[in-house]
file input_21.pdb (PDB, C-alpha atoms)
MODEL        1
ATOM      1  CA  MET X   1      52.113  38.963 127.372
ATOM      2  CA  LEU X   2      52.812  42.609 126.563
ATOM      3  CA  ASN X   3      55.877  44.161 128.159
ATOM      4  CA  LYS X   4      54.874  47.021 130.419
ATOM      5  CA  GLN X   5      56.972  50.123 130.393
ATOM      6  CA  SER X   6      58.744  50.732 133.680
ATOM      7  CA  GLY X   7      58.354  54.519 133.316
ATOM      8  CA  PRO X   8      57.589  57.333 130.920
ATOM      9  CA  PRO X   9      59.434  57.261 127.597
ATOM     10  CA  LYS X  10      62.722  59.128 127.584
ATOM     11  CA  PRO X  11      62.627  62.370 125.607
ATOM     12  CA  THR X  12      64.617  62.404 122.416
ATOM     13  CA  VAL X  13      67.657  64.671 122.344
ATOM     14  CA  ASP X  14      68.124  66.941 119.363
ATOM     15  CA  LYS X  15      71.866  66.670 118.775
ATOM     16  CA  ASN X  16      71.763  69.618 116.397
ATOM     17  CA  SER X  17      70.320  72.016 118.947
ATOM     18  CA  PHE X  18      72.416  74.898 120.212
ATOM     19  CA  LYS X  19      71.982  73.810 123.840
ATOM     20  CA  TYR X  20      73.219  70.270 123.176
ATOM     21  CA  ARG X  21      76.201  71.455 121.129
ATOM     22  CA  SER X  22      77.122  74.043 123.765
ATOM     23  CA  ILE X  23      77.044  71.526 126.623
ATOM     24  CA  ARG X  24      79.002  69.003 124.577
ATOM     25  CA  ASP X  25      81.624  71.605 123.639
ATOM     26  CA  LEU X  26      81.901  72.646 127.288
ATOM     27  CA  LYS X  27      82.558  69.067 128.371
ATOM     28  CA  ILE X  28      85.134  68.442 125.650
ATOM     29  CA  ASN X  29      87.028  71.713 126.085
ATOM     30  CA  LYS X  30      86.514  72.246 129.820
ATOM     31  CA  TYR X  31      90.217  72.832 130.481
ATOM     32  CA  VAL X  32      90.422  75.434 127.701
ATOM     33  CA  TYR X  33      87.505  77.336 129.228
ATOM     34  CA  LEU X  34      89.139  77.012 132.647
ATOM     35  CA  MET X  35      92.255  78.712 131.262
ATOM     36  CA  LEU X  36      90.029  81.449 129.857
ATOM     37  CA  LEU X  37      88.535  82.331 133.254
ATOM     38  CA  PRO X  38      91.421  84.617 134.415
ATOM     39  CA  VAL X  39      91.152  86.639 131.201
ATOM     40  CA  VAL X  40      87.373  86.978 131.569
ATOM     41  CA  ALA X  41      87.784  87.941 135.227
ATOM     42  CA  TYR X  42      90.375  90.581 134.288
ATOM     43  CA  TYR X  43      88.063  92.281 131.805
ATOM     44  CA  ILE X  44      85.084  92.119 134.164
ATOM     45  CA  VAL X  45      87.000  93.640 137.088
ATOM     46  CA  PHE X  46      88.992  96.291 135.229
ATOM     47  CA  TYR X  47      86.712  97.163 132.274
ATOM     48  CA  TYR X  48      83.063  96.394 133.086
ATOM     49  CA  VAL X  49      82.830  97.045 136.835
ATOM     50  CA  PRO X  50      84.336 100.577 136.466
ATOM     51  CA  MET X  51      81.473 101.446 134.101
ATOM     52  CA  TYR X  52      79.381 101.890 137.238
ATOM     53  CA  GLY X  53      81.398 105.030 137.965
ATOM     54  CA  LEU X  54      80.463 106.669 134.654
ATOM     55  CA  GLN X  55      77.513 108.276 136.409
ATOM     56  CA  ILE X  56      79.867 110.926 137.822
ATOM     57  CA  ALA X  57      79.985 112.401 134.311
ATOM     58  CA  PHE X  58      76.400 113.526 134.931
ATOM     59  CA  LYS X  59      77.001 114.717 138.497
ATOM     60  CA  ASP X  60      78.963 117.404 140.289
ATOM     61  CA  TYR X  61      81.032 114.727 141.990
ATOM     62  CA  SER X  62      82.688 115.456 145.313
ATOM     63  CA  PRO X  63      84.802 112.789 147.061
ATOM     64  CA  GLY X  64      83.526 114.079 150.398
ATOM     65  CA  LEU X  65      79.873 113.565 149.455
ATOM     66  CA  GLY X  66      80.400 110.329 147.580
ATOM     67  CA  MET X  67      78.960 109.164 144.293
ATOM     68  CA  TRP X  68      75.338 108.821 145.450
ATOM     69  CA  ASN X  69      75.078 112.088 147.375
ATOM     70  CA  SER X  70      76.702 114.318 144.755
ATOM     71  CA  ASP X  71      74.353 116.680 142.926
ATOM     72  CA  TRP X  72      72.957 115.603 139.563
ATOM     73  CA  VAL X  73      73.789 118.125 136.821
ATOM     74  CA  GLY X  74      72.809 116.223 133.671
ATOM     75  CA  PHE X  75      74.725 117.202 130.539
ATOM     76  CA  ARG X  76      76.283 120.362 131.985
ATOM     77  CA  HIS X  77      79.863 119.044 131.794
ATOM     78  CA  PHE X  78      79.378 117.919 128.189
ATOM     79  CA  GLN X  79      77.982 121.303 127.219
ATOM     80  CA  SER X  80      80.848 123.057 128.972
ATOM     81  CA  PHE X  81      83.362 120.967 127.029
ATOM     82  CA  PHE X  82      81.652 121.582 123.670
ATOM     83  CA  ASP X  83      81.560 125.332 124.309
ATOM     84  CA  SER X  84      85.185 125.581 125.471
ATOM     85  CA  TYR X  85      87.771 127.323 123.279
ATOM     86  CA  TYR X  86      90.034 124.253 123.225
ATOM     87  CA  PHE X  87      87.343 121.759 122.069
ATOM     88  CA  TRP X  88      88.105 122.089 118.353
ATOM     89  CA  ARG X  89      91.872 122.002 118.947
ATOM     90  CA  LEU X  90      91.602 118.742 120.902
ATOM     91  CA  LEU X  91      89.258 117.184 118.359
ATOM     92  CA  ARG X  92      91.419 118.278 115.405
ATOM     93  CA  ASN X  93      94.651 116.960 116.932
ATOM     94  CA  THR X  94      93.074 113.661 117.942
ATOM     95  CA  LEU X  95      91.547 113.088 114.515
ATOM     96  CA  LEU X  96      94.693 114.091 112.609
ATOM     97  CA  LEU X  97      97.064 111.926 114.655
ATOM     98  CA  SER X  98      94.697 108.961 114.388
ATOM     99  CA  PHE X  99      94.205 109.524 110.659
ATOM    100  CA  TYR X 100      97.956 109.731 110.000
ATOM    101  CA  GLU X 101      98.475 106.599 112.089
ATOM    102  CA  LEU X 102      95.862 104.809 109.993
ATOM    103  CA  LEU X 103      97.169 106.199 106.703
ATOM    104  CA  PHE X 104     100.883 105.487 107.245
ATOM    105  CA  GLY X 105     101.133 103.069 110.163
ATOM    106  CA  PHE X 106      98.479 100.519 109.198
ATOM    107  CA  PRO X 107      99.774  99.689 105.680
ATOM    108  CA  ALA X 108     103.413  99.703 106.886
ATOM    109  CA  SER X 109     102.991  96.300 108.575
ATOM    110  CA  ILE X 110     101.313  94.872 105.462
ATOM    111  CA  ILE X 111     104.115  96.102 103.199
ATOM    112  CA  LEU X 112     106.810  94.699 105.501
ATOM    113  CA  ALA X 113     105.029  91.334 105.644
ATOM    114  CA  LEU X 114     104.787  91.197 101.855
ATOM    115  CA  LEU X 115     108.496  92.001 101.507
ATOM    116  CA  LEU X 116     109.489  89.407 104.093
ATOM    117  CA  ASN X 117     107.308  86.809 102.399
ATOM    118  CA  GLU X 118     109.185  87.363  99.133
ATOM    119  CA  LEU X 119     112.633  86.827 100.685
ATOM    120  CA  ARG X 120     114.208  83.544  99.662
ATOM    121  CA  SER X 121     117.111  83.668 102.091
ATOM    122  CA  ALA X 122     115.926  82.225 105.412
ATOM    123  CA  ALA X 123     118.868  83.736 107.313
ATOM    124  CA  LEU X 124     118.199  87.230 105.959
ATOM    125  CA  LYS X 125     114.502  86.857 106.685
ATOM    126  CA  ARG X 126     115.156  85.887 110.329
ATOM    127  CA  PHE X 127     117.598  88.781 110.718
ATOM    128  CA  VAL X 128     115.130  91.347 109.350
ATOM    129  CA  GLN X 129     112.330  89.938 111.491
ATOM    130  CA  THR X 130     114.445  90.140 114.641
ATOM    131  CA  VAL X 131     115.555  93.700 113.937
ATOM    132  CA  THR X 132     112.004  94.903 113.220
ATOM    133  CA  TYR X 133     110.383  93.018 116.114
ATOM    134  CA  MET X 134     112.800  94.235 118.806
ATOM    135  CA  PRO X 135     111.509  97.843 119.208
ATOM    136  CA  HIS X 136     108.072  96.524 120.158
ATOM    137  CA  PHE X 137     109.488  95.051 123.370
ATOM    138  CA  ILE X 138     111.051  98.330 124.462
ATOM    139  CA  SER X 139     109.006 100.256 127.016
ATOM    140  CA  ILE X 140     107.237 103.413 125.838
ATOM    141  CA  VAL X 141     109.065 105.274 128.599
ATOM    142  CA  VAL X 142     112.423 104.116 127.233
ATOM    143  CA  ILE X 143     111.396 104.894 123.656
ATOM    144  CA  SER X 144     110.322 108.395 124.665
ATOM    145  CA  GLY X 145     113.575 108.920 126.573
ATOM    146  CA  MET X 146     115.555 107.874 123.498
ATOM    147  CA  LEU X 147     113.592 110.329 121.345
ATOM    148  CA  VAL X 148     114.160 113.162 123.819
ATOM    149  CA  ASP X 149     117.921 112.487 123.834
ATOM    150  CA  PHE X 150     118.277 111.963 120.080
ATOM    151  CA  LEU X 151     116.172 115.006 119.163
ATOM    152  CA  ALA X 152     117.738 117.418 121.654
ATOM    153  CA  ARG X 153     119.709 120.430 120.381
ATOM    154  CA  ASP X 154     122.947 118.604 121.191
ATOM    155  CA  GLY X 155     121.535 115.177 120.347
ATOM    156  CA  LEU X 156     122.443 112.648 117.682
ATOM    157  CA  ILE X 157     120.078 113.965 114.994
ATOM    158  CA  ASN X 158     121.290 117.565 115.257
ATOM    159  CA  ASN X 159     124.917 116.421 115.309
ATOM    160  CA  VAL X 160     124.378 114.557 112.041
ATOM    161  CA  LEU X 161     122.551 117.533 110.520
ATOM    162  CA  SER X 162     125.410 119.831 111.525
ATOM    163  CA  TRP X 163     127.709 117.868 109.198
ATOM    164  CA  PHE X 164     125.578 119.185 106.324
ATOM    165  CA  GLY X 165     125.568 122.743 107.637
ATOM    166  CA  VAL X 166     122.077 122.637 109.122
ATOM    167  CA  GLU X 167     121.480 124.748 112.222
ATOM    168  CA  PRO X 168     120.349 122.855 115.376
ATOM    169  CA  ILE X 169     116.584 122.369 115.601
ATOM    170  CA  ALA X 170     114.620 122.047 118.853
ATOM    171  CA  PHE X 171     112.408 119.289 117.438
ATOM    172  CA  LEU X 172     110.355 118.695 120.584
ATOM    173  CA  ARG X 173     109.890 122.419 121.178
ATOM    174  CA  GLU X 174     108.432 123.185 117.754
ATOM    175  CA  SER X 175     104.819 122.142 117.290
ATOM    176  CA  GLU X 176     105.106 121.550 113.533
ATOM    177  CA  TRP X 177     107.521 118.645 114.127
ATOM    178  CA  PHE X 178     105.445 116.764 116.702
ATOM    179  CA  ARG X 179     103.134 114.809 114.399
ATOM    180  CA  THR X 180     106.019 113.654 112.207
ATOM    181  CA  ILE X 181     108.023 112.504 115.234
ATOM    182  CA  PHE X 182     105.049 110.771 116.837
ATOM    183  CA  ILE X 183     103.859 108.873 113.734
ATOM    184  CA  SER X 184     107.332 107.868 112.472
ATOM    185  CA  SER X 185     108.412 106.598 115.898
ATOM    186  CA  ASN X 186     105.175 104.608 116.199
ATOM    187  CA  ILE X 187     105.813 102.979 112.834
ATOM    188  CA  TRP X 188     109.390 102.111 113.812
ATOM    189  CA  GLN X 189     108.219 100.597 117.096
ATOM    190  CA  ASN X 190     105.233  98.573 115.859
ATOM    191  CA  VAL X 191     105.782  97.728 112.184
ATOM    192  CA  GLY X 192     107.623  94.471 112.851
ATOM    193  CA  TRP X 193     105.212  93.225 115.477
ATOM    194  CA  GLY X 194     102.207  94.071 113.330
ATOM    195  CA  SER X 195     103.601  92.086 110.403
ATOM    196  CA  ILE X 196     103.460  88.817 112.391
ATOM    197  CA  ILE X 197      99.704  88.425 111.890
ATOM    198  CA  TYR X 198      99.945  89.018 108.154
ATOM    199  CA  LEU X 199     102.830  86.554 107.794
ATOM    200  CA  SER X 200     100.700  83.971 109.592
ATOM    201  CA  ALA X 201      97.822  84.656 107.212
ATOM    202  CA  MET X 202     100.165  84.268 104.226
ATOM    203  CA  SER X 203     101.377  80.898 105.480
ATOM    204  CA  ALA X 204      97.775  79.633 105.300
ATOM    205  CA  ILE X 205      97.425  80.421 101.570
ATOM    206  CA  ASP X 206      97.236  77.293  99.436
ATOM    207  CA  PRO X 207     100.603  76.844  97.589
ATOM    208  CA  SER X 208      98.748  75.423  94.587
ATOM    209  CA  LEU X 209      97.396  78.916  93.911
ATOM    210  CA  TYR X 210     100.945  80.195  93.412
ATOM    211  CA  GLU X 211     101.764  77.210  91.190
ATOM    212  CA  ALA X 212      98.701  77.870  89.045
ATOM    213  CA  ALA X 213      99.652  81.562  88.787
ATOM    214  CA  ARG X 214     103.201  80.662  87.681
ATOM    215  CA  VAL X 215     101.830  78.260  85.076
ATOM    216  CA  ASP X 216      99.714  81.094  83.725
ATOM    217  CA  GLY X 217     102.865  83.206  83.413
ATOM    218  CA  ALA X 218     102.253  85.522  86.387
ATOM    219  CA  SER X 219     105.304  87.417  87.623
ATOM    220  CA  ARG X 220     106.101  87.676  91.329
ATOM    221  CA  TRP X 221     104.405  91.054  91.454
ATOM    222  CA  LYS X 222     101.277  89.594  89.819
ATOM    223  CA  GLN X 223     101.321  86.729  92.322
ATOM    224  CA  VAL X 224     101.407  89.195  95.188
ATOM    225  CA  LEU X 225      98.621  91.242  93.627
ATOM    226  CA  HIS X 226      96.278  88.405  92.674
ATOM    227  CA  VAL X 227      97.110  85.642  95.182
ATOM    228  CA  THR X 228      98.778  86.979  98.330
ATOM    229  CA  LEU X 229      96.717  90.150  98.847
ATOM    230  CA  PRO X 230      93.315  88.446  98.308
ATOM    231  CA  GLY X 231      94.478  85.658 100.629
ATOM    232  CA  ILE X 232      95.180  88.008 103.530
ATOM    233  CA  MET X 233      92.328  90.435 102.828
ATOM    234  CA  PRO X 234      89.986  88.980 105.516
ATOM    235  CA  THR X 235      92.708  89.519 108.109
ATOM    236  CA  VAL X 236      93.367  93.035 106.824
ATOM    237  CA  VAL X 237      89.683  93.962 107.054
ATOM    238  CA  ILE X 238      89.262  92.623 110.598
ATOM    239  CA  LEU X 239      92.355  94.465 111.851
ATOM    240  CA  LEU X 240      91.231  97.618 110.048
ATOM    241  CA  ILE X 241      87.850  97.479 111.791
ATOM    242  CA  LEU X 242      89.563  97.038 115.159
ATOM    243  CA  GLN X 243      91.872  99.984 114.519
ATOM    244  CA  ILE X 244      88.964 102.179 113.469
ATOM    245  CA  GLY X 245      87.244 101.142 116.700
ATOM    246  CA  SER X 246      90.120 102.684 118.644
ATOM    247  CA  PHE X 247      90.451 105.639 116.294
ATOM    248  CA  MET X 248      90.100 108.261 119.034
ATOM    249  CA  SER X 249      92.361 106.410 121.476
ATOM    250  CA  VAL X 250      95.601 107.753 120.061
ATOM    251  CA  GLY X 251      98.721 106.925 122.115
ATOM    252  CA  THR X 252      98.077 109.120 125.155
ATOM    253  CA  ASP X 253     100.917 107.668 127.237
ATOM    254  CA  LYS X 254     103.528 108.455 124.627
ATOM    255  CA  ILE X 255     102.174 111.952 124.005
ATOM    256  CA  LEU X 256     102.310 112.702 127.729
ATOM    257  CA  LEU X 257     105.993 111.764 127.728
ATOM    258  CA  LEU X 258     106.856 113.816 124.628
ATOM    259  CA  TYR X 259     104.686 116.912 124.578
ATOM    260  CA  ASN X 260     105.012 120.185 126.451
ATOM    261  CA  SER X 261     103.169 123.499 126.626
ATOM    262  CA  THR X 262     104.913 124.796 123.484
ATOM    263  CA  THR X 263     103.557 121.918 121.370
ATOM    264  CA  TYR X 264      99.960 121.880 122.654
ATOM    265  CA  GLU X 265      98.788 123.339 119.345
ATOM    266  CA  THR X 266      99.487 120.050 117.519
ATOM    267  CA  ALA X 267     100.141 117.553 120.346
ATOM    268  CA  ASP X 268      97.331 118.057 122.849
ATOM    269  CA  VAL X 269      94.630 115.398 122.343
ATOM    270  CA  ILE X 270      91.494 114.390 124.214
ATOM    271  CA  GLY X 271      93.337 111.711 126.214
ATOM    272  CA  THR X 272      95.996 114.112 127.502
ATOM    273  CA  PHE X 273      93.333 116.715 128.318
ATOM    274  CA  VAL X 274      91.422 114.126 130.382
ATOM    275  CA  TYR X 275      94.638 113.314 132.254
ATOM    276  CA  ARG X 276      95.321 116.958 133.097
ATOM    277  CA  LYS X 277      91.747 117.681 134.156
ATOM    278  CA  GLY X 278      91.134 114.463 136.050
ATOM    279  CA  ILE X 279      94.503 113.668 137.643
ATOM    280  CA  LEU X 280      96.322 116.987 137.900
ATOM    281  CA  GLU X 281      93.350 119.281 138.528
ATOM    282  CA  SER X 282      91.073 116.699 140.265
ATOM    283  CA  ASP X 283      88.067 117.758 138.180
ATOM    284  CA  PHE X 284      86.680 114.217 138.140
ATOM    285  CA  SER X 285      83.203 114.820 136.732
ATOM    286  CA  TYR X 286      84.387 117.032 133.877
ATOM    287  CA  SER X 287      87.164 114.630 132.862
ATOM    288  CA  ALA X 288      84.762 111.667 133.076
ATOM    289  CA  ALA X 289      82.361 113.458 130.735
ATOM    290  CA  VAL X 290      85.126 114.164 128.213
ATOM    291  CA  GLY X 291      86.379 110.578 128.433
ATOM    292  CA  LEU X 292      82.853 109.216 127.947
ATOM    293  CA  PHE X 293      82.394 111.426 124.882
ATOM    294  CA  ASN X 294      85.631 110.026 123.452
ATOM    295  CA  SER X 295      84.578 106.427 124.132
ATOM    296  CA  LEU X 296      81.177 106.936 122.513
ATOM    297  CA  ILE X 297      82.836 108.165 119.325
ATOM    298  CA  ASN X 298      85.070 105.075 119.298
ATOM    299  CA  PHE X 299      82.069 102.801 119.803
ATOM    300  CA  THR X 300      80.134 104.527 117.020
ATOM    301  CA  LEU X 301      83.053 104.236 114.600
ATOM    302  CA  LEU X 302      83.456 100.539 115.438
ATOM    303  CA  VAL X 303      79.777  99.801 114.754
ATOM    304  CA  LEU X 304      79.814 101.802 111.499
ATOM    305  CA  ALA X 305      83.028 100.162 110.248
ATOM    306  CA  ASN X 306      81.642  96.702 110.985
ATOM    307  CA  ALA X 307      78.323  97.517 109.294
ATOM    308  CA  ILE X 308      80.047  98.837 106.165
ATOM    309  CA  SER X 309      82.309  95.779 106.011
ATOM    310  CA  ARG X 310      79.321  93.456 106.457
ATOM    311  CA  ARG X 311      77.460  95.113 103.595
ATOM    312  CA  THR X 312      80.394  95.293 101.187
ATOM    313  CA  SER X 313      82.115  91.986 101.965
ATOM    314  CA  GLU X 314      81.771  88.810 104.001
ATOM    315  CA  ASN X 315      84.270  89.964 106.635
ATOM    316  CA  LYS X 316      82.886  91.280 109.911
ATOM    317  CA  LEU X 317      83.395  91.118 113.670
ATOM    318  CA  TRP X 318      79.773  90.186 114.396
TER     319      TRP X 318
ENDMDL
END
call {"tool": "encode", "arguments": {"input": "input_21.pdb", "output": "C-alpha cells"}}
result
Amino acid sequence: MLNKQSGPPKPTVDKNSFKYRSIRDLKINKYVYLMLLPVVAYYIVFYYVPMYGLQIAFKDYSPGLGMWNSDWVGFRHFQSFFDSYYFWRLLRNTLLLSFYELLFGFPASIILALLLNELRSAALKRFVQTVTYMPHFISIVVISGMLVDFLARDGLINNVLSWFGVEPIAFLRESEWFRTIFISSNIWQNVGWGSIIYLSAMSAIDPSLYEAARVDGASRWKQVLHVTLPGIMPTVVILLILQIGSFMSVGTDKILLLYNSTTYETADVIGTFVYRKGILESDFSYSAAVGLFNSLINFTLLVLANAISRRTSENKLW
C-alpha cells in the first residue's frame, strides 16, 4: 500500500536568505541586542523625537500659541540669517576653526600612536599613555577654568614670559590669540584618547609583515611607511569621514566658556550664535533655522566624504 501524506508538504527553508539569517542571529545574540536597547532608546528619545520640533524653523513660533497655531513664515528666518551682517563672520570662524582642528588635531593622534607603537620600553610606553590620556577625563569646564587662570595677565604663562622680558599679554582679550589657544588646548586634551583607536588597529597588523620587511632590509621608518600606515589606513579613513561629518559642529561648549565680546571677530561661531539667539534672547524660530542650516551642511559633508571615499577606496560608512 502507498503511504498517504498526513498533510501538505513542509516548505523548504532557504538557509541563505536574509530573513533566515536575521532570525537566527537574533536568537543566538538575543542578550547582546537586549543590551543594545537602552542605547537605541536614548538616540530615539533625545535625537529623533526632537526632530518633530524642527518645524518651528519655518514658523513664527510663540510659546503662547504653541507649535501648531504659530504662523507659517516659510524660509523667512533663513533669508534673514543669510542677509545679516554677521553671516559671513560666523561662517568664516566656524570653517576656519573646524579646518584647523582637522589639519592639526586629526593627525596629532595618528602621530602619537605611531610614536608609542615604536617604543620598546613597556614602562615608558605606559607612562606616556597615562599622561596623554588623563586630560581627556577632565571636564571642559575645568579645562576652560585652567586656561582662564593660566592665560590671565598675572597667570602662569605671563609670569614665565616676564622672565624673558616679555610684557604681559591679555591672551583671552585679544582676538588674534583665540584660534591658537582653542586648537592647541583641544589637541592637548584629546590627542591621547584619540590614539587609542589607532593603537588598537596597529595591534591587529600581522607581525609576519614586519618580519618580511626586515628581511628585505627595511628600516624602522620604512616599516612604518609601508606596513603600519597601510595597516591602519581603513581606520584613518573611517574616522576622517566621521570628523568631516561633524565639521560644522566645532566645540561650542568650550567656546562659550572662553570667548567674550572682544574676541567675537575670531571666536564667534554658528553654535554660539544659536545659543545667544535661542537661549538668551528667546528667538526660538530664528535660532532653530540657523541650527538646521548648520546641520544640513554637516549632513551634506558627511554624504560627500563617504561618496568620495567609496569611489577612491574600499573604505566607507555605508
call {"tool": "axis_aligned_box", "arguments": {"input": "input_21.pdb", "around": "region 112-129 of chain X", "padding_each_side": "8 Å", "output": "lines of an AutoDock Vina configuration file"}}
result
center_x = 111.8
center_y = 88.5
center_z = 105.3
size_x = 30.1
size_y = 28.5
size_z = 28.4
call {"tool": "atom_distance", "arguments": {"input": "input_21.pdb", "atom1": "CA of Leu296 (chain X)", "atom2": "CA of Tyr61 (chain X)"}}
result
21.0 Å
call {"tool": "residues_around", "arguments": {"input": "input_21.pdb", "residues": "Ser175 (chain X)", "least_positions_apart": "4", "cutoff": "10 Å", "atoms": "all atoms listed in the file", "output": "PyMOL selection string"}}
result
chain X and resi 170-171+179-180+259-267
call {"tool": "atom_distance", "arguments": {"input": "input_21.pdb", "atom1": "CA of Val160 (chain X)", "atom2": "CA of Met146 (chain X)"}}
result
15.9 Å
call {"tool": "resolve_selection", "arguments": {"input": "input_21.pdb", "expression": "the PyMOL selection byres ((chain X and resi 239) around 12)", "output": "number ranges by chain"}}
result
X: 102, 106-107, 109-110, 194-195, 197-198, 232-238, 240-246, 302, 305-306, 309, 315-317
call {"tool": "atom_distance", "arguments": {"input": "input_21.pdb", "atom1": "CA of Leu304 (chain X)", "atom2": "CA of Ile205 (chain X)"}}
result
29.4 Å
call {"tool": "closest_residue", "arguments": {"input": "input_21.pdb", "among": "X:Leu34, X:Leu97, X:Met67, X:Val274", "to": "Phe182 (chain X)", "atoms": "all atoms listed in the file"}}
result
X:Leu97
call {"tool": "build_atoms", "arguments": {"input": "input_21.pdb", "residues": "region 63-74 of chain X", "atoms": "N, CA, C and O atoms", "output": "PDB file, in the frame of the given file"}}
result
ATOM      1  N   PRO X  63      84.387 113.956 146.275  1.00  0.00           N
ATOM      2  CA  PRO X  63      84.802 112.789 147.061  1.00  0.00           C
ATOM      3  C   PRO X  63      84.248 112.802 148.474  1.00  0.00           C
ATOM      4  O   PRO X  63      83.994 111.741 149.060  1.00  0.00           O
ATOM      5  N   GLY X  64      84.057 114.001 149.041  1.00  0.00           N
ATOM      6  CA  GLY X  64      83.526 114.079 150.398  1.00  0.00           C
ATOM      7  C   GLY X  64      82.077 113.631 150.487  1.00  0.00           C
ATOM      8  O   GLY X  64      81.669 113.001 151.467  1.00  0.00           O
ATOM      9  N   LEU X  65      81.277 113.955 149.459  1.00  0.00           N
ATOM     10  CA  LEU X  65      79.873 113.565 149.455  1.00  0.00           C
ATOM     11  C   LEU X  65      79.653 112.149 148.957  1.00  0.00           C
ATOM     12  O   LEU X  65      78.660 111.513 149.305  1.00  0.00           O
ATOM     13  N   GLY X  66      80.569 111.659 148.148  1.00  0.00           N
ATOM     14  CA  GLY X  66      80.400 110.329 147.580  1.00  0.00           C
ATOM     15  C   GLY X  66      79.628 110.364 146.286  1.00  0.00           C
ATOM     16  O   GLY X  66      79.050 111.387 145.887  1.00  0.00           O
ATOM     17  N   MET X  67      79.578 109.218 145.618  1.00  0.00           N
ATOM     18  CA  MET X  67      78.960 109.164 144.293  1.00  0.00           C
ATOM     19  C   MET X  67      77.442 109.360 144.365  1.00  0.00           C
ATOM     20  O   MET X  67      76.848 110.037 143.526  1.00  0.00           O
ATOM     21  N   TRP X  68      76.795 108.765 145.377  1.00  0.00           N
ATOM     22  CA  TRP X  68      75.338 108.821 145.450  1.00  0.00           C
ATOM     23  C   TRP X  68      74.831 110.182 145.904  1.00  0.00           C
ATOM     24  O   TRP X  68      73.782 110.637 145.465  1.00  0.00           O
ATOM     25  N   ASN X  69      75.557 110.833 146.793  1.00  0.00           N
ATOM     26  CA  ASN X  69      75.078 112.088 147.375  1.00  0.00           C
ATOM     27  C   ASN X  69      75.482 113.329 146.585  1.00  0.00           C
ATOM     28  O   ASN X  69      75.045 114.438 146.914  1.00  0.00           O
ATOM     29  N   SER X  70      76.316 113.175 145.581  1.00  0.00           N
ATOM     30  CA  SER X  70      76.702 114.318 144.755  1.00  0.00           C
ATOM     31  C   SER X  70      75.526 114.792 143.919  1.00  0.00           C
ATOM     32  O   SER X  70      74.662 114.000 143.522  1.00  0.00           O
ATOM     33  N   ASP X  71      75.477 116.087 143.655  1.00  0.00           N
ATOM     34  CA  ASP X  71      74.353 116.680 142.926  1.00  0.00           C
ATOM     35  C   ASP X  71      74.348 116.250 141.462  1.00  0.00           C
ATOM     36  O   ASP X  71      75.388 116.185 140.809  1.00  0.00           O
ATOM     37  N   TRP X  72      73.157 115.967 140.973  1.00  0.00           N
ATOM     38  CA  TRP X  72      72.957 115.603 139.563  1.00  0.00           C
ATOM     39  C   TRP X  72      72.894 116.869 138.717  1.00  0.00           C
ATOM     40  O   TRP X  72      72.103 117.769 138.981  1.00  0.00           O
ATOM     41  N   VAL X  73      73.742 116.931 137.663  1.00  0.00           N
ATOM     42  CA  VAL X  73      73.789 118.125 136.821  1.00  0.00           C
ATOM     43  C   VAL X  73      73.471 117.819 135.364  1.00  0.00           C
ATOM     44  O   VAL X  73      73.523 118.717 134.518  1.00  0.00           O
ATOM     45  N   GLY X  74      73.169 116.587 135.037  1.00  0.00           N
ATOM     46  CA  GLY X  74      72.809 116.223 133.671  1.00  0.00           C
ATOM     47  C   GLY X  74      73.973 116.362 132.702  1.00  0.00           C
ATOM     48  O   GLY X  74      75.075 115.872 132.946  1.00  0.00           O
TER      49      GLY X  74
END
